[in-house]
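One file, model_11.txt, is given below (compact mmCIF, C-alpha atoms and all ligand atoms).
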# COMPACT_ATOMS: atom_id res chain seq x y z
CA MET A 695 94.86 100.17 102.68
CA ASN A 696 95.90 103.75 103.19
CA LEU A 697 93.80 106.36 101.49
CA SER A 698 94.49 109.94 100.36
CA VAL A 699 91.68 111.99 98.83
CA PHE A 700 92.36 115.24 96.98
CA PRO A 701 89.94 117.90 95.71
CA THR A 702 90.87 117.47 92.04
CA ALA A 703 92.51 114.94 89.73
CA ARG A 704 95.33 117.39 89.22
CA ASP A 705 96.03 117.65 92.96
CA ALA A 706 96.01 113.84 93.22
CA ALA A 707 98.49 113.52 90.33
CA ALA A 708 100.77 116.23 91.76
CA ALA A 709 100.82 114.52 95.17
CA LEU A 710 101.66 111.18 93.60
CA ALA A 711 104.42 112.78 91.50
CA ASP A 712 105.91 114.19 94.73
CA HIS A 713 105.62 110.76 96.35
CA ILE A 714 107.56 109.20 93.44
CA ALA A 715 110.18 111.97 93.52
CA GLY A 716 110.60 111.37 97.26
CA ALA A 717 111.01 107.62 96.74
CA LEU A 718 113.68 108.36 94.11
CA ARG A 719 115.55 110.63 96.48
CA THR A 720 115.62 107.84 99.08
CA LYS A 721 116.54 105.18 96.51
CA PRO A 722 117.89 106.59 93.21
CA ASP A 723 118.03 103.09 91.64
CA LEU A 724 114.35 102.48 92.39
CA VAL A 725 112.54 99.84 90.32
CA LEU A 726 109.28 101.48 89.30
CA GLY A 727 106.20 99.72 87.88
CA LEU A 728 104.16 101.93 85.54
CA PRO A 729 100.59 102.00 84.20
CA THR A 730 99.00 103.44 81.07
CA GLY A 731 95.47 104.76 80.44
CA ARG A 732 94.01 108.25 80.68
CA THR A 733 94.45 108.54 84.45
CA PRO A 734 98.27 108.62 84.62
CA VAL A 735 98.61 111.21 81.82
CA GLN A 736 98.44 114.05 84.38
CA LEU A 737 100.86 112.20 86.68
CA TYR A 738 103.35 111.91 83.82
CA ARG A 739 102.89 115.62 83.05
CA GLU A 740 103.76 116.40 86.68
CA LEU A 741 106.84 114.14 86.57
CA ALA A 742 107.98 115.86 83.36
CA ALA A 743 107.53 119.25 85.06
CA LEU A 744 109.53 118.07 88.10
CA THR A 745 112.28 116.89 85.73
CA GLU A 746 112.40 120.30 84.07
CA ARG A 747 112.82 121.91 87.49
CA HIS A 748 115.54 119.35 88.38
CA ALA A 749 113.38 118.22 91.28
CA VAL A 750 113.55 114.54 90.32
CA ASP A 751 116.28 112.36 88.88
CA PHE A 752 115.44 109.23 86.85
CA SER A 753 119.00 108.53 85.66
CA ARG A 754 119.38 105.37 87.76
CA THR A 755 115.72 104.28 87.75
CA THR A 756 114.52 101.04 86.17
CA THR A 757 110.93 100.84 84.90
CA PHE A 758 108.59 97.95 84.09
CA ASN A 759 105.28 98.64 82.41
CA LEU A 760 102.29 96.59 83.42
CA ASP A 761 100.97 95.48 80.07
CA GLU A 762 100.89 95.74 76.27
CA PHE A 763 98.50 94.86 73.45
CA LEU A 764 99.20 91.56 71.72
CA GLY A 765 100.17 91.83 68.06
CA LEU A 766 101.37 95.45 68.18
CA ARG A 767 104.98 96.28 67.48
CA PRO A 768 106.65 98.58 70.03
CA ASP A 769 106.72 101.37 67.41
CA ASP A 770 103.01 101.03 66.55
CA PRO A 771 101.43 104.44 67.30
CA ALA A 772 98.72 102.70 69.37
CA SER A 773 101.11 100.60 71.48
CA TYR A 774 101.54 101.27 75.18
CA ARG A 775 105.28 101.54 74.49
CA ARG A 776 104.61 104.54 72.24
CA TYR A 777 102.15 105.95 74.79
CA MET A 778 104.95 105.82 77.39
CA GLU A 779 107.41 107.50 75.02
CA ARG A 780 104.92 110.27 74.29
CA HIS A 781 103.81 110.94 77.84
CA LEU A 782 106.88 110.16 79.92
CA PHE A 783 110.08 108.56 78.65
CA ARG A 784 110.91 111.34 76.16
CA LYS A 785 110.44 113.93 78.88
CA ILE A 786 112.56 112.52 81.70
CA ASN A 787 116.25 111.73 82.06
CA ILE A 788 115.83 107.95 82.04
CA ASP A 789 118.50 105.57 80.74
CA ARG A 790 116.85 103.81 77.73
CA GLU A 791 118.50 100.53 78.74
CA ARG A 792 116.53 100.53 81.96
CA ILE A 793 113.09 100.82 80.32
CA HIS A 794 111.11 97.58 80.12
CA VAL A 795 107.82 97.17 78.26
CA LEU A 796 106.40 93.82 77.15
CA ASP A 797 106.82 93.30 73.38
CA GLY A 798 103.36 92.62 71.96
CA SER A 799 104.89 91.52 68.65
CA ALA A 800 107.16 88.83 70.13
CA PRO A 801 106.87 85.68 67.99
CA ASP A 802 106.37 83.53 71.10
CA PRO A 803 104.16 85.48 73.56
CA GLU A 804 104.53 82.89 76.34
CA ALA A 805 108.33 83.10 76.09
CA GLU A 806 108.06 86.90 76.15
CA CYS A 807 106.05 86.69 79.40
CA ALA A 808 108.67 84.36 80.95
CA ARG A 809 111.45 86.71 79.81
CA TYR A 810 109.66 89.64 81.48
CA GLU A 811 109.27 87.79 84.79
CA ARG A 812 112.98 86.98 84.67
CA ALA A 813 113.91 90.59 83.95
CA ILE A 814 111.85 91.78 86.95
CA ARG A 815 113.56 89.19 89.17
CA GLU A 816 117.01 90.13 87.87
CA ALA A 817 116.29 93.81 88.60
CA GLY A 818 115.64 92.81 92.23
CA GLY A 819 111.83 93.04 92.04
CA VAL A 820 109.59 96.10 91.78
CA ASP A 821 110.03 98.61 94.64
CA LEU A 822 107.10 100.88 93.84
CA GLN A 823 104.24 99.80 91.60
CA ILE A 824 101.91 102.53 90.33
CA LEU A 825 98.49 101.28 89.23
CA GLY A 826 95.33 102.60 87.65
CA ILE A 827 92.02 100.76 87.84
CA GLY A 828 89.71 99.79 85.00
CA SER A 829 86.06 100.74 85.51
CA ASN A 830 85.40 96.96 85.78
CA GLY A 831 88.00 96.69 88.57
CA HIS A 832 90.88 95.32 86.51
CA ILE A 833 94.49 96.12 87.30
CA GLY A 834 97.05 95.89 84.53
CA PHE A 835 95.02 93.74 82.14
CA ASN A 836 93.96 91.25 84.83
CA GLU A 837 90.30 91.10 83.88
CA PRO A 838 87.43 90.07 86.20
CA GLY A 839 86.48 86.40 85.81
CA ASP A 840 86.33 82.99 87.49
CA SER A 841 90.08 82.90 87.97
CA LEU A 842 93.15 85.08 87.88
CA MET A 843 96.68 84.31 86.76
CA ALA A 844 99.65 84.77 89.09
CA ARG A 845 102.39 85.55 86.61
CA THR A 846 102.84 87.60 83.44
CA HIS A 847 100.53 86.01 80.87
CA ARG A 848 98.48 86.34 77.71
CA VAL A 849 94.96 87.59 78.35
CA THR A 850 91.71 88.04 76.39
CA LEU A 851 90.34 91.56 76.79
CA ARG A 852 86.71 92.09 77.74
CA PRO A 853 84.48 94.23 75.50
CA GLU A 854 84.30 97.08 78.07
CA THR A 855 88.10 97.16 78.27
CA ARG A 856 88.40 97.31 74.49
CA ARG A 857 85.90 100.17 74.49
CA ALA A 858 87.84 101.97 77.24
CA ASN A 859 91.03 101.74 75.17
CA ALA A 860 89.42 102.78 71.87
CA ALA A 861 90.89 106.31 71.98
CA LEU A 862 94.32 104.87 71.10
CA PHE A 863 92.76 103.34 67.97
CA GLY A 864 90.98 106.36 66.50
CA GLY A 865 87.95 105.80 68.73
CA ASP A 866 87.17 102.41 67.11
CA ALA A 867 86.84 99.66 69.75
CA GLY A 868 86.79 97.12 66.90
CA ARG A 869 90.41 97.98 66.14
CA VAL A 870 91.57 97.38 69.74
CA PRO A 871 93.41 94.04 69.82
CA GLY A 872 91.38 91.26 71.44
CA GLU A 873 94.35 90.06 73.47
CA ALA A 874 97.17 91.52 75.54
CA LEU A 875 100.12 90.58 77.69
CA SER A 876 99.94 91.58 81.34
CA MET A 877 101.84 91.23 84.58
CA GLY A 878 99.92 88.76 86.75
CA MET A 879 98.41 89.27 90.18
CA ALA A 880 101.42 87.85 92.04
CA THR A 881 103.81 89.91 89.90
CA ILE A 882 101.90 93.01 91.02
CA LEU A 883 101.43 91.96 94.65
CA GLN A 884 105.12 91.19 95.06
CA ALA A 885 105.98 94.87 94.60
CA ARG A 886 107.31 96.19 97.91
CA SER A 887 104.95 99.11 97.82
CA ILE A 888 101.88 99.88 95.66
CA VAL A 889 100.07 103.13 94.87
CA LEU A 890 96.78 103.02 92.97
CA LEU A 891 95.62 106.28 91.38
CA ALA A 892 91.95 106.64 90.45
CA THR A 893 90.16 109.80 89.40
CA GLY A 894 86.67 110.61 88.19
CA VAL A 895 83.23 109.52 89.30
CA GLU A 896 83.15 106.65 86.78
CA LYS A 897 85.70 104.87 88.99
CA ALA A 898 83.76 105.43 92.24
CA ALA A 899 81.90 102.11 92.25
CA SER A 900 84.94 99.91 91.62
CA VAL A 901 87.01 101.94 94.11
CA GLU A 902 84.37 101.38 96.79
CA ARG A 903 84.24 97.62 96.08
CA MET A 904 88.04 97.44 95.97
CA ILE A 905 88.32 98.95 99.46
CA HIS A 906 85.23 97.69 101.28
CA GLY A 907 84.08 94.68 99.26
CA PRO A 908 85.16 91.04 99.52
CA ILE A 909 88.35 89.84 97.89
CA THR A 910 87.14 88.31 94.66
CA THR A 911 88.38 87.42 91.18
CA ARG A 912 85.28 89.35 90.00
CA LEU A 913 87.12 92.53 91.02
CA PRO A 914 90.86 91.93 90.63
CA ALA A 915 91.79 95.19 92.40
CA SER A 916 90.21 93.79 95.62
CA PHE A 917 93.33 91.59 95.97
CA LEU A 918 95.23 94.74 96.92
CA GLN A 919 93.58 94.36 100.35
CA LEU A 920 96.09 91.52 100.89
CA HIS A 921 99.09 93.81 100.41
CA ALA A 922 100.68 95.35 103.50
CA ASP A 923 101.78 98.60 101.84
CA THR A 924 99.12 99.90 99.46
CA LEU A 925 98.16 103.56 99.15
CA VAL A 926 95.05 104.57 97.22
CA VAL A 927 95.17 108.12 95.83
CA LEU A 928 91.80 109.52 94.76
CA ASP A 929 90.12 112.72 93.71
CA GLU A 930 86.72 113.63 95.15
CA GLY A 931 84.91 112.02 92.21
CA ALA A 932 86.50 108.60 92.63
CA ALA A 933 85.96 108.81 96.43
CA ARG A 934 82.28 109.63 96.11
CA LYS A 935 80.95 106.23 97.21
CA LEU A 936 83.20 105.85 100.24
CA GLU A 937 81.12 106.59 103.31
CA ARG A 938 83.41 105.01 105.84
CA ARG A 939 86.79 106.69 106.01
CA THR A 940 89.87 104.85 107.21
CA GLU A 941 91.99 106.23 110.03
CA ASN A 942 94.88 106.83 107.70
CA GLU A 943 93.00 109.04 105.34
CA GLU A 944 94.35 112.52 104.91
CA ARG A 945 91.79 115.04 103.73
CA ARG A 946 93.37 117.97 101.96
CA ARG A 947 91.31 120.94 100.89
C1 LIG B 1 93.94 100.05 80.67
C2 LIG B 1 95.24 99.64 81.32
C3 LIG B 1 95.13 99.66 82.83
C4 LIG B 1 94.52 100.98 83.28
C5 LIG B 1 93.13 101.07 82.72
C6 LIG B 1 92.37 102.30 83.18
O1 LIG B 1 93.05 99.00 80.54
N1 LIG B 1 95.67 98.34 80.90
O2 LIG B 1 96.42 99.48 83.39
O3 LIG B 1 94.51 101.07 84.67
O4 LIG B 1 93.27 101.12 81.32
O5 LIG B 1 92.46 103.30 82.24
P1 LIG B 1 91.94 104.77 82.42
O6 LIG B 1 92.92 105.42 83.30
O7 LIG B 1 91.97 105.31 81.02
O8 LIG B 1 90.59 104.69 82.98

If you convert what's in this file into structure tokens, what do you get?
Ligand code: GLP
Amino acid sequence: MNLSVFPTARDAAAALADHIAGALRTKPDLVLGLPTGRTPVQLYRELAALTERHAVDFSRTTTFNLDEFLGLRPDDPASYRRYMERHLFRKINIDRERIHVLDGSAPDPEAECARYERAIREAGGVDLQILGIGSNGHIGFNEPGDSLMARTHRVTLRPETRRANAALFGGDAGRVPGEALSMGMATILQARSIVLLATGVEKAASVERMIHGPITTRLPASFLQLHADTLVVLDEGAARKLERRTENEERRR
């Protein structure tokens, strides 16, 4: 895994925004996998700012979001679809037809998952997958457990994940849906290139286990060790528990 550590969360987000803009210059029809959560909010702000300065062009980009809450309609104010509209899609020059987010209100969730896998295949696969990490080490909504699922699937959310997502539901974890739809581990690992963004000291322990620990279903992000092209972008807080530094690390101060 390659590692880049930046002094602040803002620097990390700006560097990742530049990385995405660069990838789009090389391949304007890039297929981009996108996360939600608090962490990417600053990244999306940076991408919106680059759009305003005409420094990035999303007109030919296709996007696939990682996950969505089960039972929420796309226009529900708490849905990840609406989150994406608010933070990114409304602010960039993306073709609406090329936006893909799982529909949490689909009458047949399993069929919706199969449709999503098909859509990713038909788009030619994900070129660049951006990820966050849950404080329990989940990626997308692939929760720690005895087993992991390969493909896009229906998942039961753990209590800590529902608590972490409570802000979207007026701070009430009890209102966070108990289930979600998520890309699976193979869906994520088949992306040609992956960048995981983690900021803040509350992510330091799972970041350390992800990089230096064993590959285990107890920490889904550890499977990224199997991917040949993964970059981990951190701020100082999230890097706090890393004593050993890899050769590829760039320290920028
Ligand atoms: C949610 C999302 C994940 C995200 C995680 C971390 O659970 N499904 O994709 O990585 O939150 O969120 P935050 O950035 O708010 O810590």

Residues of segment 785-861 of chain A at most 12 Å from segment 921-928 of chain A: nearest atom pair and distance in Å, all atoms listed in the file, as CSV:
residue,atom,partner,partner_atom,distance
A:Asp821,CA,A:Asp923,CA,11.0
A:Leu822,CA,A:Thr924,CA,9.8
A:Gln823,CA,A:Thr924,CA,9.4
A:Ile824,CA,A:Leu925,CA,9.6
A:Leu825,CA,A:Val926,CA,9.3
A:Gly826,CA,A:Val926,CA,9.8
A:Ile827,CA,A:Val926,CA,10.6

Would you mind exporting C-alpha atoms of the selected residues as a JSON list (two decimals), in the coordinates of the input?
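Okay, this is what ended up in out.json:
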[["chain", "number", "residue", "atom", "x", "y", "z"],
["A", 821, "ASP", "CA", 110.03, 98.61, 94.64],
["A", 822, "LEU", "CA", 107.10, 100.88, 93.84],
["A", 823, "GLN", "CA", 104.24, 99.80, 91.60],
["A", 824, "ILE", "CA", 101.91, 102.53, 90.33],
["A", 825, "LEU", "CA", 98.49, 101.28, 89.23],
["A", 826, "GLY", "CA", 95.33, 102.60, 87.65],
["A", 827, "ILE", "CA", 92.02, 100.76, 87.84]]

* To do: Would you mind listing what lies within 7 Å of segment 709-721 of chain A as a PyMOL selection string, with only C-alpha atoms counted and same-chain residues fewer than 4 positions away left out?
  => chain A and resi 705+737+740-741+750

Please write the residues from the selection above to a file, keeping C-alpha atoms, as a short mmCIF file (atom, residue, chain, number, x, y, z; two decimals), in the coordinates of the input.
data_model
loop_
_atom_site.label_atom_id
_atom_site.label_comp_id
_atom_site.auth_asym_id
_atom_site.auth_seq_id
_atom_site.Cartn_x
_atom_site.Cartn_y
_atom_site.Cartn_z
CA ASP A 705 96.03 117.65 92.96
CA LEU A 737 100.86 112.20 86.68
CA GLU A 740 103.76 116.40 86.68
CA LEU A 741 106.84 114.14 86.57
CA VAL A 750 113.55 114.54 90.32
#

* **Selection within 6 Å of ligand LIG 1 (chain B) by all atoms listed in the file, output as an MDAnalysis selection string** => chainID A and resid 729:733 826:828 833:835 855

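Residues in contact with Thr756 of chain A at up to 10 Å, not including ones fewer than 5 positions away on its chain and judged by only C-alpha atoms, are Pro722, Asp723, Leu724, Val725, Leu726, Gly727, Ile788, Asp789, Arg790, Glu791, Arg792, Ile793, His794, Ile814, Ala817, Val820 and Asp821 of chain A.
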
* Å distance separating atom CA of Val889 of chain A from atom CA of Gly931 of chain A, one decimal place -> 17.8 Å

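The coordinates place atom CA of Ala808 of chain A at 22.9 Å from atom CA of Thr911 of chain A.
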
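With all atoms listed in the file taken into account, the protein and nucleic acid residues at most 8 Å from Pro803 of chain A (excluding it and anything under 5 positions from it in its own chain) are Gly798, Arg848 and Leu875 of chain A.
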
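If you measure from each of A:Thr910, A:Asn830, A:Ser887, A:Ser916 to Leu851 of chain A using only C-alpha atoms, the closest one turns out to be A:Asn830.
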
* Structure fact -> Across A:Asn787, A:Ser753, A:Ser841, A:Ser799, the smallest distance to Leu766 of chain A, with only C-alpha atoms counted, is shown by A:Ser799

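Here atom CA of Ala933 of chain A and atom CA of Phe917 of chain A stand 18.7 Å from one another.
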
* Structure fact -> If you count all atoms listed in the file, the residue of A:Ile888, A:Leu913, A:Leu920, A:Ile786 closest to Glu837 of chain A turns out to be A:Leu913

* From the list A:Arg934, A:Arg857, A:Ala874, A:Arg784, which residue is nearest Val895 of chain A when using all atoms listed in the file? -> A:Arg934

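Using only C-alpha atoms, the nearest neighbour of Asn836 of chain A within the list A:Gly878, A:Pro771, A:Pro801, A:Gly868 is A:Gly878.
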
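By chain and then residue number, the residues within 7 Å of Arg845 of chain A are Met877, Gly878, Met879, Ala880 and Thr881 of chain A, counting all atoms listed in the file and disregarding those fewer than 6 positions away in sequence.
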
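Proximity of A:Gly819, A:Cys807, A:Pro914, A:Tyr777 to Pro838 of chain A, computed with all atoms listed in the file, is greatest for A:Pro914.
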
Please define a box with edges along x, y and z of the file around all atoms of segment 730-747 of chain A given in the file, extend it by 3 Å on each side, and return its centre and edge lengths in Å to one decimal, as JSON.
{"center_x": 103.4, "center_y": 112.7, "center_z": 84.3, "size_x": 24.8, "size_y": 24.5, "size_z": 13.7}
